Amino acid sequence: MAAVSTPAIPKWLTDHCDRLQDEESQIQNLNLNIRRLNVDMIHALSDALMNNNDIETINLTSALFQDQERGLGPFMKVLRKHKTLAIIHLSYNRLRHVHAIEQPLRSNTHLRELYLDYNRLNCDTAISLANVLKHNTNLTVLQLNSNRIGDVGGEAIANSLKANTTLKFLGMRSNQLGKRTANAMLSSLKVNMSLTTLQIDKNPDLEENVPLLAHIVQSNRAGRYLLGQKDEVPRALWPLLFEQLECDMLLFFLTEHPELIMR
């Protein structure tokens, strides 16, 4: 059914909604960057998305015009039920409380990347996202740079990484993080070998821990998990693996297990 244009729902949005519901359009990417959507417009967009089976990426960067948290409400059913949506951009929307996102994301099995940077997300929202990371097994990118999650929120997210083996990229730069987050992250990274990119600089109270955290994450990227399987990797393959490593990563591997080069 074609969407109807009203004063609250402009023609350009009804056109987008019609395309989303047209099976022949097969639209995969929808860019509504800085379109400034109100609650009624989000409702119309969400309804159209529920009748779409092709969309993979939605860009809502700086797109929520008023009552941001309430405006996201209709979008929660999309997160809960949509089968192809894999990437969502919600940056620069002045979001603070998005606790409603927890339950949809815990059950979501398709979303891979979520961008929430440059908002005003608080500690409670960070705790909700930490709960998501304990259960969600498909999210690979979580971008939270430049928010206000604080040290307690950062600690919750860091602790959740002990139970998460799918997240590859985590951005927590400029979030008022401190010692609690640093200690929790160091503890989690003892067992988490899947996180390969961590942006955690520009948090003055944990700057002294950034080099060590970066080193551990870099070792994950280099294949630290292989050390736990060293007896299963044919000895003849180790020289080939070492050839691909940077000098400091090579030193890391050989310091942990010098027998890898002993004959």
# chains A, B, ... in the order shown; residues from 1 in each chain; ligands from 1
call {"tool": "residues_around", "arguments": {"residues": "A:Glu23", "least_positions_apart": "6", "cutoff": "9 Å", "atoms": "only C-alpha atoms", "output": "VMD selection string"}}
result
chain A and resid 52 to 54
call {"tool": "write_last_selection", "arguments": {"atoms": "C-alpha atoms", "output": "PDB file, in the first residue's frame"}}
result
ATOM      1  CA  ASN A  52      10.670  -4.676   3.495  1.00  0.00           C
ATOM      2  CA  ASN A  53      12.903  -7.721   3.071  1.00  0.00           C
ATOM      3  CA  ASP A  54      15.949  -6.180   1.374  1.00  0.00           C
TER       4      ASP A  54
END
call {"tool": "select_by_dssp", "arguments": {"residues": "stretch 84-250 of chain A", "states": "strand (DSSP E or B)", "output": "list in words"}}
result
Ile87, Ile88, His89, Glu113, Leu114, Tyr115, Val141, Leu142, Gln143, Phe169, Leu170, Gly171, Thr197, Leu198 and Gln199 of chain A
call {"tool": "residues_around", "arguments": {"residues": "A:Asn122", "least_positions_apart": "6", "cutoff": "8 Å", "atoms": "only C-alpha atoms", "output": "list in words"}}
result
Arg96, His97, Asn147, Arg148, Ile149, Gly150 and Gly153 of chain A
call {"tool": "residues_around", "arguments": {"residues": "A:Gln26", "least_positions_apart": "2", "cutoff": "12 Å", "atoms": "only C-alpha atoms", "output": "JSON, numbers by chain"}}
result
{"A": [18, 19, 20, 21, 22, 23, 24, 28, 29, 30, 51, 52, 53, 54, 55, 56, 84]}
call {"tool": "residues_around", "arguments": {"residues": "stretch 70-72 of chain A", "least_positions_apart": "4", "cutoff": "7 Å", "atoms": "only C-alpha atoms", "output": "JSON, numbers by chain"}}
result
{"A": [38, 39, 42, 76]}
call {"tool": "decode", "arguments": {"residues": "stretch 165-212 of chain A", "atoms": "N, CA and C atoms", "output": "PDB file, in the first residue's frame"}}
result
ATOM      1  N   THR A 165      32.250 -13.187  22.225  1.00  0.00           N
ATOM      2  CA  THR A 165      33.322 -13.668  21.351  1.00  0.00           C
ATOM      3  C   THR A 165      33.133 -13.234  19.903  1.00  0.00           C
ATOM      4  N   THR A 166      32.217 -12.295  19.654  1.00  0.00           N
ATOM      5  CA  THR A 166      31.954 -11.877  18.271  1.00  0.00           C
ATOM      6  C   THR A 166      32.300 -10.423  17.993  1.00  0.00           C
ATOM      7  N   LEU A 167      32.290  -9.564  19.020  1.00  0.00           N
ATOM      8  CA  LEU A 167      32.582  -8.146  18.791  1.00  0.00           C
ATOM      9  C   LEU A 167      34.037  -7.969  18.363  1.00  0.00           C
ATOM     10  N   LYS A 168      34.247  -7.279  17.255  1.00  0.00           N
ATOM     11  CA  LYS A 168      35.593  -7.028  16.732  1.00  0.00           C
ATOM     12  C   LYS A 168      36.051  -5.593  16.973  1.00  0.00           C
ATOM     13  N   PHE A 169      35.104  -4.664  16.951  1.00  0.00           N
ATOM     14  CA  PHE A 169      35.428  -3.234  17.045  1.00  0.00           C
ATOM     15  C   PHE A 169      34.603  -2.611  18.158  1.00  0.00           C
ATOM     16  N   LEU A 170      35.283  -1.921  19.077  1.00  0.00           N
ATOM     17  CA  LEU A 170      34.608  -1.211  20.165  1.00  0.00           C
ATOM     18  C   LEU A 170      35.196   0.187  20.275  1.00  0.00           C
ATOM     19  N   GLY A 171      34.358   1.200  20.132  1.00  0.00           N
ATOM     20  CA  GLY A 171      34.787   2.584  20.278  1.00  0.00           C
ATOM     21  C   GLY A 171      34.264   3.186  21.560  1.00  0.00           C
ATOM     22  N   MET A 172      35.183   3.592  22.470  1.00  0.00           N
ATOM     23  CA  MET A 172      34.781   4.246  23.726  1.00  0.00           C
ATOM     24  C   MET A 172      35.645   5.475  23.998  1.00  0.00           C
ATOM     25  N   ARG A 173      36.148   6.076  22.953  1.00  0.00           N
ATOM     26  CA  ARG A 173      36.970   7.279  23.085  1.00  0.00           C
ATOM     27  C   ARG A 173      36.132   8.432  23.646  1.00  0.00           C
ATOM     28  N   SER A 174      36.745   9.250  24.491  1.00  0.00           N
ATOM     29  CA  SER A 174      36.092  10.457  25.033  1.00  0.00           C
ATOM     30  C   SER A 174      34.759  10.121  25.713  1.00  0.00           C
ATOM     31  N   ASN A 175      34.853   9.365  26.809  1.00  0.00           N
ATOM     32  CA  ASN A 175      33.650   8.955  27.522  1.00  0.00           C
ATOM     33  C   ASN A 175      33.781   9.078  29.035  1.00  0.00           C
ATOM     34  N   GLN A 176      34.760   9.825  29.507  1.00  0.00           N
ATOM     35  CA  GLN A 176      34.947  10.025  30.950  1.00  0.00           C
ATOM     36  C   GLN A 176      35.224   8.700  31.662  1.00  0.00           C
ATOM     37  N   LEU A 177      36.028   7.866  31.019  1.00  0.00           N
ATOM     38  CA  LEU A 177      36.390   6.573  31.594  1.00  0.00           C
ATOM     39  C   LEU A 177      37.584   6.706  32.519  1.00  0.00           C
ATOM     40  N   GLY A 178      37.724   5.746  33.439  1.00  0.00           N
ATOM     41  CA  GLY A 178      38.822   5.817  34.393  1.00  0.00           C
ATOM     42  C   GLY A 178      39.367   4.456  34.771  1.00  0.00           C
ATOM     43  N   LYS A 179      39.865   4.352  36.000  1.00  0.00           N
ATOM     44  CA  LYS A 179      40.565   3.144  36.462  1.00  0.00           C
ATOM     45  C   LYS A 179      39.673   1.905  36.455  1.00  0.00           C
ATOM     46  N   ARG A 180      38.417   2.071  36.831  1.00  0.00           N
ATOM     47  CA  ARG A 180      37.534   0.908  36.879  1.00  0.00           C
ATOM     48  C   ARG A 180      37.378   0.289  35.488  1.00  0.00           C
ATOM     49  N   THR A 181      37.223   1.145  34.501  1.00  0.00           N
ATOM     50  CA  THR A 181      37.110   0.645  33.126  1.00  0.00           C
ATOM     51  C   THR A 181      38.412  -0.017  32.698  1.00  0.00           C
ATOM     52  N   ALA A 182      39.546   0.634  33.005  1.00  0.00           N
ATOM     53  CA  ALA A 182      40.845   0.093  32.606  1.00  0.00           C
ATOM     54  C   ALA A 182      41.082  -1.282  33.219  1.00  0.00           C
ATOM     55  N   ASN A 183      40.810  -1.410  34.520  1.00  0.00           N
ATOM     56  CA  ASN A 183      41.039  -2.695  35.193  1.00  0.00           C
ATOM     57  C   ASN A 183      40.113  -3.781  34.645  1.00  0.00           C
ATOM     58  N   ALA A 184      38.854  -3.417  34.402  1.00  0.00           N
ATOM     59  CA  ALA A 184      37.909  -4.398  33.865  1.00  0.00           C
ATOM     60  C   ALA A 184      38.307  -4.820  32.451  1.00  0.00           C
ATOM     61  N   MET A 185      38.785  -3.861  31.655  1.00  0.00           N
ATOM     62  CA  MET A 185      39.182  -4.180  30.284  1.00  0.00           C
ATOM     63  C   MET A 185      40.409  -5.086  30.283  1.00  0.00           C
ATOM     64  N   LEU A 186      41.363  -4.803  31.139  1.00  0.00           N
ATOM     65  CA  LEU A 186      42.549  -5.660  31.218  1.00  0.00           C
ATOM     66  C   LEU A 186      42.177  -7.074  31.647  1.00  0.00           C
ATOM     67  N   SER A 187      41.241  -7.187  32.573  1.00  0.00           N
ATOM     68  CA  SER A 187      40.800  -8.497  33.023  1.00  0.00           C
ATOM     69  C   SER A 187      40.086  -9.248  31.897  1.00  0.00           C
ATOM     70  N   SER A 188      39.212  -8.559  31.178  1.00  0.00           N
ATOM     71  CA  SER A 188      38.466  -9.210  30.099  1.00  0.00           C
ATOM     72  C   SER A 188      39.365  -9.639  28.955  1.00  0.00           C
ATOM     73  N   LEU A 189      40.364  -8.824  28.660  1.00  0.00           N
ATOM     74  CA  LEU A 189      41.239  -9.131  27.533  1.00  0.00           C
ATOM     75  C   LEU A 189      42.188 -10.295  27.826  1.00  0.00           C
ATOM     76  N   LYS A 190      42.205 -10.751  29.063  1.00  0.00           N
ATOM     77  CA  LYS A 190      42.959 -11.973  29.355  1.00  0.00           C
ATOM     78  C   LYS A 190      42.302 -13.180  28.696  1.00  0.00           C
ATOM     79  N   VAL A 191      40.973 -13.099  28.538  1.00  0.00           N
ATOM     80  CA  VAL A 191      40.243 -14.237  27.960  1.00  0.00           C
ATOM     81  C   VAL A 191      39.619 -13.914  26.610  1.00  0.00           C
ATOM     82  N   ASN A 192      39.393 -12.629  26.344  1.00  0.00           N
ATOM     83  CA  ASN A 192      38.779 -12.242  25.069  1.00  0.00           C
ATOM     84  C   ASN A 192      39.857 -12.076  24.008  1.00  0.00           C
ATOM     85  N   MET A 193      39.807 -12.901  22.980  1.00  0.00           N
ATOM     86  CA  MET A 193      40.792 -12.843  21.912  1.00  0.00           C
ATOM     87  C   MET A 193      40.159 -12.479  20.575  1.00  0.00           C
ATOM     88  N   SER A 194      38.906 -12.024  20.620  1.00  0.00           N
ATOM     89  CA  SER A 194      38.195 -11.687  19.385  1.00  0.00           C
ATOM     90  C   SER A 194      38.177 -10.185  19.104  1.00  0.00           C
ATOM     91  N   LEU A 195      38.311  -9.349  20.145  1.00  0.00           N
ATOM     92  CA  LEU A 195      38.306  -7.899  19.935  1.00  0.00           C
ATOM     93  C   LEU A 195      39.614  -7.483  19.264  1.00  0.00           C
ATOM     94  N   THR A 196      39.530  -6.888  18.084  1.00  0.00           N
ATOM     95  CA  THR A 196      40.737  -6.546  17.334  1.00  0.00           C
ATOM     96  C   THR A 196      40.940  -5.045  17.150  1.00  0.00           C
ATOM     97  N   THR A 197      39.938  -4.225  17.499  1.00  0.00           N
ATOM     98  CA  THR A 197      40.097  -2.775  17.467  1.00  0.00           C
ATOM     99  C   THR A 197      39.418  -2.173  18.681  1.00  0.00           C
ATOM    100  N   LEU A 198      40.177  -1.402  19.469  1.00  0.00           N
ATOM    101  CA  LEU A 198      39.645  -0.749  20.662  1.00  0.00           C
ATOM    102  C   LEU A 198      40.063   0.715  20.643  1.00  0.00           C
ATOM    103  N   GLN A 199      39.082   1.600  20.552  1.00  0.00           N
ATOM    104  CA  GLN A 199      39.342   3.039  20.633  1.00  0.00           C
ATOM    105  C   GLN A 199      38.966   3.501  22.038  1.00  0.00           C
ATOM    106  N   ILE A 200      39.987   3.767  22.849  1.00  0.00           N
ATOM    107  CA  ILE A 200      39.719   4.094  24.252  1.00  0.00           C
ATOM    108  C   ILE A 200      40.581   5.261  24.724  1.00  0.00           C
ATOM    109  N   ASP A 201      41.224   5.950  23.798  1.00  0.00           N
ATOM    110  CA  ASP A 201      42.034   7.112  24.146  1.00  0.00           C
ATOM    111  C   ASP A 201      41.134   8.329  24.422  1.00  0.00           C
ATOM    112  N   LYS A 202      41.764   9.434  24.776  1.00  0.00           N
ATOM    113  CA  LYS A 202      41.063  10.676  25.113  1.00  0.00           C
ATOM    114  C   LYS A 202      40.136  10.504  26.320  1.00  0.00           C
ATOM    115  N   ASN A 203      40.556   9.628  27.225  1.00  0.00           N
ATOM    116  CA  ASN A 203      39.944   9.491  28.548  1.00  0.00           C
ATOM    117  C   ASN A 203      41.072   9.721  29.554  1.00  0.00           C
ATOM    118  N   PRO A 204      41.261  10.945  30.015  1.00  0.00           N
ATOM    119  CA  PRO A 204      42.464  11.318  30.783  1.00  0.00           C
ATOM    120  C   PRO A 204      42.779  10.407  31.964  1.00  0.00           C
ATOM    121  N   ASP A 205      41.741   9.855  32.638  1.00  0.00           N
ATOM    122  CA  ASP A 205      41.989   9.074  33.839  1.00  0.00           C
ATOM    123  C   ASP A 205      42.479   7.653  33.561  1.00  0.00           C
ATOM    124  N   LEU A 206      42.546   7.255  32.301  1.00  0.00           N
ATOM    125  CA  LEU A 206      43.110   5.941  32.008  1.00  0.00           C
ATOM    126  C   LEU A 206      44.165   5.981  30.909  1.00  0.00           C
ATOM    127  N   GLU A 207      44.662   7.178  30.602  1.00  0.00           N
ATOM    128  CA  GLU A 207      45.633   7.318  29.514  1.00  0.00           C
ATOM    129  C   GLU A 207      46.863   6.430  29.715  1.00  0.00           C
ATOM    130  N   GLU A 208      47.281   6.223  30.967  1.00  0.00           N
ATOM    131  CA  GLU A 208      48.489   5.418  31.211  1.00  0.00           C
ATOM    132  C   GLU A 208      48.275   3.952  30.840  1.00  0.00           C
ATOM    133  N   ASN A 209      47.018   3.526  30.756  1.00  0.00           N
ATOM    134  CA  ASN A 209      46.716   2.133  30.401  1.00  0.00           C
ATOM    135  C   ASN A 209      46.519   1.916  28.900  1.00  0.00           C
ATOM    136  N   VAL A 210      46.400   3.002  28.149  1.00  0.00           N
ATOM    137  CA  VAL A 210      46.095   2.884  26.722  1.00  0.00           C
ATOM    138  C   VAL A 210      47.150   2.081  25.962  1.00  0.00           C
ATOM    139  N   PRO A 211      48.470   2.318  26.164  1.00  0.00           N
ATOM    140  CA  PRO A 211      49.468   1.540  25.403  1.00  0.00           C
ATOM    141  C   PRO A 211      49.358   0.031  25.640  1.00  0.00           C
ATOM    142  N   LEU A 212      49.152  -0.374  26.900  1.00  0.00           N
ATOM    143  CA  LEU A 212      49.048  -1.802  27.185  1.00  0.00           C
ATOM    144  C   LEU A 212      47.790  -2.394  26.561  1.00  0.00           C
TER     145      LEU A 212
END
